Amino acid sequence: MPDLSAELVQQLYRTPPDRFVAARDAAVAEARQAGDPTTARQLARLRRPTVAAWLVNLLAIRRPELVADLVQLADALRVAQRELRGPRLRELSAQRRAVVGALVAEVRKLAAAEPDAPPASRLPLAEVEGTLNAAFSDVEVAEQVRAGRLLRAASYAGFGEVPRPQLRLVTGDDEEREKERPARRPGAQRGRPEAAPRTDRAAERAEQAERAAQRAARAERARQRRALDRELAKAQADQERAETELTEATGQERDGVAVLDRLEAELAELERRRAVAEQDLSRAKLARRAAERAVTVARRRAGEVEAAVEALAAEEGDADAGGGAAD
């Protein structure tokens, strides 16, 4: 559809299926009013997708980087399947399941963000998952998924290259090519009688490889379970040991608190006794100072009396000496 704007087509295929026809007819009318009959005819040929195809288209349009990762992983998985490389096939198969699961979850989110989308309980997510899985098995389906213009969903429950599913890429010349395509003659597929047996053998080898991959995956899960059981037992033993240490530490803490309480009580008693002693000492100091003052006064008085006594004695001696001379 070279004449159509890719943005216009994406806008139409982002529209929920129940409103697709009205949106397409409005775009056709607008093109006719603009004097562009070619675009109007190409728009009129666009067909309404199923709900599942619309969800895949919505994923390709809204999150093209995720679909590009899917296509890249699909290419690698097909190479590994053709070469029957067991370890690589197991690794890619696990990635495929993870990628498909993530894409289906993303489709659910995108649908929830669309105001006119069906309710979550009515979303055909199984058909979406089948289409995404089919993209891993068929390169044409992968390209159609990436284009974001699917009309119908596809499904494939196996591995390896498969016939093309009932899935179409929308183009403007679909109806014209259908009219120009010649009718298939009976027996037209008889040119290569060995193709079917080869396909069956390839499919059988791919299924055997898948079964081997499943066995290896089960063995890996069992190994991981044993490792986790050992780790759980170790973790439980560590937990029990840690809980025992916690109990002991709690008891030691309780004993330390009791000792500290006792010491604090003793310290309070010592503080009280110290305060009493300080008061007694203050009173003793006051008494000493009073006594020192009294001693000073008494000494001064005693000196004064001694001086008076000495003066009196001197006077008496002089008097006695004068009386003897008179005689």
# chains A, B, ... in the order shown; residues from 1 in each chain; ligands from 1

call {"tool": "residues_around", "arguments": {"residues": "range 139-154 of chain A", "least_positions_apart": "3", "cutoff": "8 Å", "atoms": "only C-alpha atoms", "output": "mmCIF file with N, CA and C atoms, in the first residue's frame"}}
result
data_model
loop_
_atom_site.group_PDB
_atom_site.id
_atom_site.type_symbol
_atom_site.label_atom_id
_atom_site.label_comp_id
_atom_site.auth_asym_id
_atom_site.auth_seq_id
_atom_site.Cartn_x
_atom_site.Cartn_y
_atom_site.Cartn_z
ATOM 1 N N GLN A 10 -1.664 2.638 10.830
ATOM 2 C CA GLN A 10 -1.481 2.254 12.227
ATOM 3 C C GLN A 10 -2.583 2.817 13.108
ATOM 4 N N TYR A 13 -5.500 0.521 12.715
ATOM 5 C CA TYR A 13 -5.336 -0.791 13.322
ATOM 6 C C TYR A 13 -5.056 -0.712 14.821
ATOM 7 N N ARG A 47 -9.533 -4.509 5.911
ATOM 8 C CA ARG A 47 -10.512 -5.379 6.554
ATOM 9 C C ARG A 47 -10.350 -5.317 8.070
ATOM 10 N N ARG A 48 -11.449 -5.507 8.733
ATOM 11 C CA ARG A 48 -11.454 -5.453 10.199
ATOM 12 C C ARG A 48 -10.744 -6.681 10.762
ATOM 13 N N PRO A 49 -9.823 -6.508 11.702
ATOM 14 C CA PRO A 49 -9.153 -7.653 12.326
ATOM 15 C C PRO A 49 -10.019 -8.264 13.425
ATOM 16 N N THR A 50 -9.707 -9.500 13.765
ATOM 17 C CA THR A 50 -10.332 -10.098 14.942
ATOM 18 C C THR A 50 -9.758 -9.440 16.198
ATOM 19 N N ALA A 52 -8.202 -10.879 18.686
ATOM 20 C CA ALA A 52 -6.855 -11.392 18.952
ATOM 21 C C ALA A 52 -5.837 -10.729 18.027
ATOM 22 N N ALA A 53 -6.161 -10.614 16.720
ATOM 23 C CA ALA A 53 -5.247 -9.964 15.790
ATOM 24 C C ALA A 53 -5.066 -8.499 16.156
ATOM 25 N N TRP A 54 -6.137 -7.843 16.572
ATOM 26 C CA TRP A 54 -6.028 -6.437 16.990
ATOM 27 C C TRP A 54 -5.080 -6.291 18.176
ATOM 28 N N VAL A 56 -2.531 -8.241 18.923
ATOM 29 C CA VAL A 56 -1.163 -8.400 18.428
ATOM 30 C C VAL A 56 -0.726 -7.138 17.682
ATOM 31 N N ASN A 57 -1.625 -6.578 16.866
ATOM 32 C CA ASN A 57 -1.307 -5.330 16.161
ATOM 33 C C ASN A 57 -1.004 -4.203 17.160
ATOM 34 N N LEU A 58 -1.807 -4.141 18.213
ATOM 35 C CA LEU A 58 -1.617 -3.100 19.221
ATOM 36 C C LEU A 58 -0.239 -3.242 19.871
ATOM 37 N N LEU A 59 0.169 -4.484 20.132
ATOM 38 C CA LEU A 59 1.494 -4.720 20.707
ATOM 39 C C LEU A 59 2.593 -4.270 19.747
ATOM 40 N N ALA A 60 2.438 -4.622 18.453
ATOM 41 C CA ALA A 60 3.460 -4.255 17.473
ATOM 42 C C ALA A 60 3.547 -2.741 17.284
ATOM 43 N N ILE A 61 2.412 -2.055 17.399
ATOM 44 C CA ILE A 61 2.391 -0.602 17.177
ATOM 45 C C ILE A 61 2.857 0.152 18.427
ATOM 46 N N PRO A 64 7.006 -1.652 19.637
ATOM 47 C CA PRO A 64 7.728 -2.325 18.539
ATOM 48 C C PRO A 64 9.053 -2.919 18.987
ATOM 49 N N VAL A 67 8.456 -6.521 20.129
ATOM 50 C CA VAL A 67 8.211 -7.424 19.001
ATOM 51 C C VAL A 67 9.503 -7.662 18.228
ATOM 52 N N ALA A 68 10.359 -6.656 18.110
ATOM 53 C CA ALA A 68 11.649 -6.841 17.439
ATOM 54 C C ALA A 68 12.504 -7.862 18.189
ATOM 55 N N VAL A 71 11.170 -11.300 17.274
ATOM 56 C CA VAL A 71 11.581 -11.736 15.936
ATOM 57 C C VAL A 71 13.040 -12.174 15.941
ATOM 58 N N ALA A 74 13.227 -15.499 17.573
ATOM 59 C CA ALA A 74 12.644 -16.512 16.684
ATOM 60 C C ALA A 74 13.658 -16.942 15.635
ATOM 61 N N ASP A 75 14.410 -16.005 15.075
ATOM 62 C CA ASP A 75 15.431 -16.359 14.086
ATOM 63 C C ASP A 75 16.474 -17.281 14.706
ATOM 64 N N GLU A 127 -5.338 -16.993 22.123
ATOM 65 C CA GLU A 127 -5.081 -16.819 20.692
ATOM 66 C C GLU A 127 -3.882 -15.908 20.468
ATOM 67 N N VAL A 128 -3.747 -14.888 21.311
ATOM 68 C CA VAL A 128 -2.569 -14.018 21.211
ATOM 69 C C VAL A 128 -1.304 -14.828 21.458
ATOM 70 N N GLY A 130 -0.912 -18.043 21.077
ATOM 71 C CA GLY A 130 -0.707 -18.946 19.950
ATOM 72 C C GLY A 130 -0.081 -18.242 18.760
ATOM 73 N N THR A 131 -0.520 -17.018 18.495
ATOM 74 C CA THR A 131 0.053 -16.266 17.372
ATOM 75 C C THR A 131 1.521 -15.950 17.632
ATOM 76 N N LEU A 132 1.852 -15.558 18.850
ATOM 77 C CA LEU A 132 3.249 -15.244 19.166
ATOM 78 C C LEU A 132 4.118 -16.499 19.080
ATOM 79 N N ALA A 134 3.487 -19.008 17.109
ATOM 80 C CA ALA A 134 3.597 -19.307 15.679
ATOM 81 C C ALA A 134 4.694 -18.479 15.037
ATOM 82 N N ALA A 135 4.919 -17.277 15.553
ATOM 83 C CA ALA A 135 5.973 -16.427 15.000
ATOM 84 C C ALA A 135 7.352 -17.054 15.200
ATOM 85 N N PHE A 136 7.505 -17.900 16.206
ATOM 86 C CA PHE A 136 8.775 -18.573 16.411
ATOM 87 C C PHE A 136 8.991 -19.704 15.411
ATOM 88 N N ARG A 164 2.490 -22.350 6.184
ATOM 89 C CA ARG A 164 1.995 -21.013 6.511
ATOM 90 C C ARG A 164 0.612 -21.115 7.151
ATOM 91 N N PRO A 165 0.398 -20.484 8.295
ATOM 92 C CA PRO A 165 -0.923 -20.523 8.930
ATOM 93 C C PRO A 165 -1.882 -19.588 8.228
ATOM 94 N N GLN A 166 -3.139 -19.650 8.673
ATOM 95 C CA GLN A 166 -4.171 -18.775 8.101
ATOM 96 C C GLN A 166 -4.046 -17.394 8.723
ATOM 97 N N LEU A 167 -3.051 -16.643 8.240
ATOM 98 C CA LEU A 167 -2.753 -15.325 8.786
ATOM 99 C C LEU A 167 -2.341 -14.442 7.631
ATOM 100 N N ARG A 168 -2.913 -13.237 7.539
ATOM 101 C CA ARG A 168 -2.635 -12.392 6.391
ATOM 102 C C ARG A 168 -2.128 -11.040 6.821
ATOM 103 N N LEU A 169 -1.230 -10.489 5.996
ATOM 104 C CA LEU A 169 -0.785 -9.122 6.135
ATOM 105 C C LEU A 169 -1.675 -8.249 5.278
ATOM 106 N N VAL A 170 -2.221 -7.201 5.886
ATOM 107 C CA VAL A 170 -3.162 -6.354 5.165
ATOM 108 C C VAL A 170 -2.415 -5.471 4.189
#

call {"tool": "atom_distance", "arguments": {"atom1": "CA of Arg289 in chain A", "atom2": "CA of Ala302 in chain A"}}
result
19.8 Å

call {"tool": "atom_distance", "arguments": {"atom1": "CA of Asp255 in chain A", "atom2": "CA of Ala237 in chain A"}}
result
27.4 Å

call {"tool": "select_by_dssp", "arguments": {"residues": "range 80-135 of chain A", "states": "helix (DSSP H, G or I)", "output": "ChimeraX atom specification"}}
result
/A:80-83,86-113,120-122,125-135

call {"tool": "residues_around", "arguments": {"residues": "Ala117 in chain A", "least_positions_apart": "3", "cutoff": "7 Å", "atoms": "only C-alpha atoms", "output": "list in words"}}
result
Pro16, Ala111 and Glu114 of chain A

call {"tool": "write_last_selection", "arguments": {"atoms": "C-alpha atoms", "output": "tab-separated table (two decimals), in the first residue's frame"}}
result
chain	number	residue	atom	x	y	z
A	16	PRO	CA	-10.71	-1.63	18.59
A	111	ALA	CA	-5.71	-3.52	26.41
A	114	GLU	CA	-7.63	1.26	25.81
